[in-house]
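Heads up, the thing below is written out as structure tokens.
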Amino acid sequence: MADEALRAAVARRAAEAGAAVAFDRFRRGIDVETKDGKTDVVTQADKDAQARVADVIADAFPEDELVGEEEDALKVVPDDGDAWVVDPIDGTNNYVRNIRIWATAVAAVRDGEPVAAASALPALGDTYVADADAVYRSGHQVTVSAESDPEKSTVVPTVWWDFDHRDEYAAATREIVERFGDMRRFGCAQAVLAMVADGSLEGTITNIVTNPWDTVAGVYMVRRAGGTVTDLEGNRWRHDSKGLVASNGAVHDDVLAAARGIEKLDG
């Protein structure tokens, strides 16, 4: 337990340090590159923020592996041993458009399972930290929403669908607006998961296999805040699951049905 508490503290320090690098350049007109598609963008701030996060982690745990979106970090979470999963700027499209909703996310994992996490959202003034006991937003404990009525619930898509899967994007939107009171689209999966954890949202869905750096920290937060996270089959979600369905627990059956409706799965 003492080790997990230390990892939560390091996750916070690393997330805030990386976020500070990115925030220093936010709305400063930095150069933008594309990776695999027109909307798959990266900036020098992403790369420098990840390097700063890596330095903080290495100071405390020099033998641990690093899984991250940028540069030469691992791209798959190891099933054995201690590792860290890092997204230096989750929501880079928001970042380059001068929208405040983006996060630096850090999760400590052991044998493939998260044991601590932090997400810093400096443009919003919030840092979320999850340890073995609870989740805190800027130092104050938070929990998932208690709402049990789908028609009073707000549910959102977790991630973006590429151009060759826009039918699934449309289906996800339809499933949400026909089942729930309202929908949002924030463009930052880690922010969305943090908002499920703090009760701002009741649920979030996708049917794809997500990148671990986009999700692992936030999934741990939802669970530690009392929520539920499963795959499309309703089984416990892990970093390589197909689909990600996160909710406050009280409306999870409805949120899961919406996620399954994207591909018209039975049941």
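Each chain of the structure tokens is named A, B, ... in the order shown, its residues numbered from 1; ligands are numbered from 1 in display order.
Within range 45-150 of chain A, residues classed as helix (DSSP H, G or I) by DSSP on backbone coordinates are Ala45, Asp46, Lys47, Asp48, Ala49, Gln50, Ala51, Arg52, Val53, Ala54, Asp55, Val56, Ile57, Ala58, Asp59, Ala60, Thr92, Asn93, Asn94, Tyr95, Val96 and Pro150 of chain A.
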All strand (DSSP E or B) residues (DSSP, backbone) inside range 67-209 of chain A, as a ChimeraX atom specification: /A:67-68,74,82-90,103-110,113-121,126-130,135-137,140-142,154-157,182-183,203-206
Which of A:Pro114, A:Glu263, A:Asp240, A:Ala54 sits closest to His165 in chain A [using only C-alpha atoms]: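 Going through A:Pro114, A:Glu263, A:Asp240, A:Ala54 one by one, the smallest distance to His165 in chain A is for A:Glu263.
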Surrounding residues of Pro62 in chain A excluding itself and chain neighbours under 4 positions, 12 Å, only C-alpha atoms, as an MDAnalysis selection string: chainID A and resid 54:58 66 82:84
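Atom to atom, CA of Val109 in chain A and CA of Arg260 in chain A stand 28.1 Å apart.
Coordinates place CA of Gly187 in chain A at a distance of 23.5 Å from CA of Ala108 in chain A.
CA of Arg166 in chain A sits 20.0 Å away from CA of Leu256 in chain A.
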Against range 128-137 of chain A, which residues of range 176-258 of chain A fall within 10 Å? For each one I want the closest pair of atoms and the distance in Å (one decimal), counting only C-alpha atoms, rows by chain and increasing residue number, as JSON lines.
{"residue": "A:Ala191", "atom": "CA", "partner": "A:Tyr128", "partner_atom": "CA", "distance": 9.5}
{"residue": "A:Ala194", "atom": "CA", "partner": "A:Tyr128", "partner_atom": "CA", "distance": 7.2}
{"residue": "A:Met195", "atom": "CA", "partner": "A:Tyr128", "partner_atom": "CA", "distance": 9.8}
{"residue": "A:Ala197", "atom": "CA", "partner": "A:Val135", "partner_atom": "CA", "distance": 7.7}
{"residue": "A:Asp198", "atom": "CA", "partner": "A:Arg137", "partner_atom": "CA", "distance": 7.6}
{"residue": "A:Ala217", "atom": "CA", "partner": "A:Ala130", "partner_atom": "CA", "distance": 8.4}
{"residue": "A:Gly218", "atom": "CA", "partner": "A:Ala130", "partner_atom": "CA", "distance": 9.0}
{"residue": "A:Tyr220", "atom": "CA", "partner": "A:Ala130", "partner_atom": "CA", "distance": 7.2}
{"residue": "A:Met221", "atom": "CA", "partner": "A:Ala130", "partner_atom": "CA", "distance": 5.5}
{"residue": "A:Val222", "atom": "CA", "partner": "A:Val135", "partner_atom": "CA", "distance": 8.4}
{"residue": "A:Arg223", "atom": "CA", "partner": "A:Ala134", "partner_atom": "CA", "distance": 9.2}
{"residue": "A:Arg224", "atom": "CA", "partner": "A:Ala134", "partner_atom": "CA", "distance": 5.5}
{"residue": "A:Ala225", "atom": "CA", "partner": "A:Val135", "partner_atom": "CA", "distance": 5.7}
{"residue": "A:Gly226", "atom": "CA", "partner": "A:Ala134", "partner_atom": "CA", "distance": 8.7}
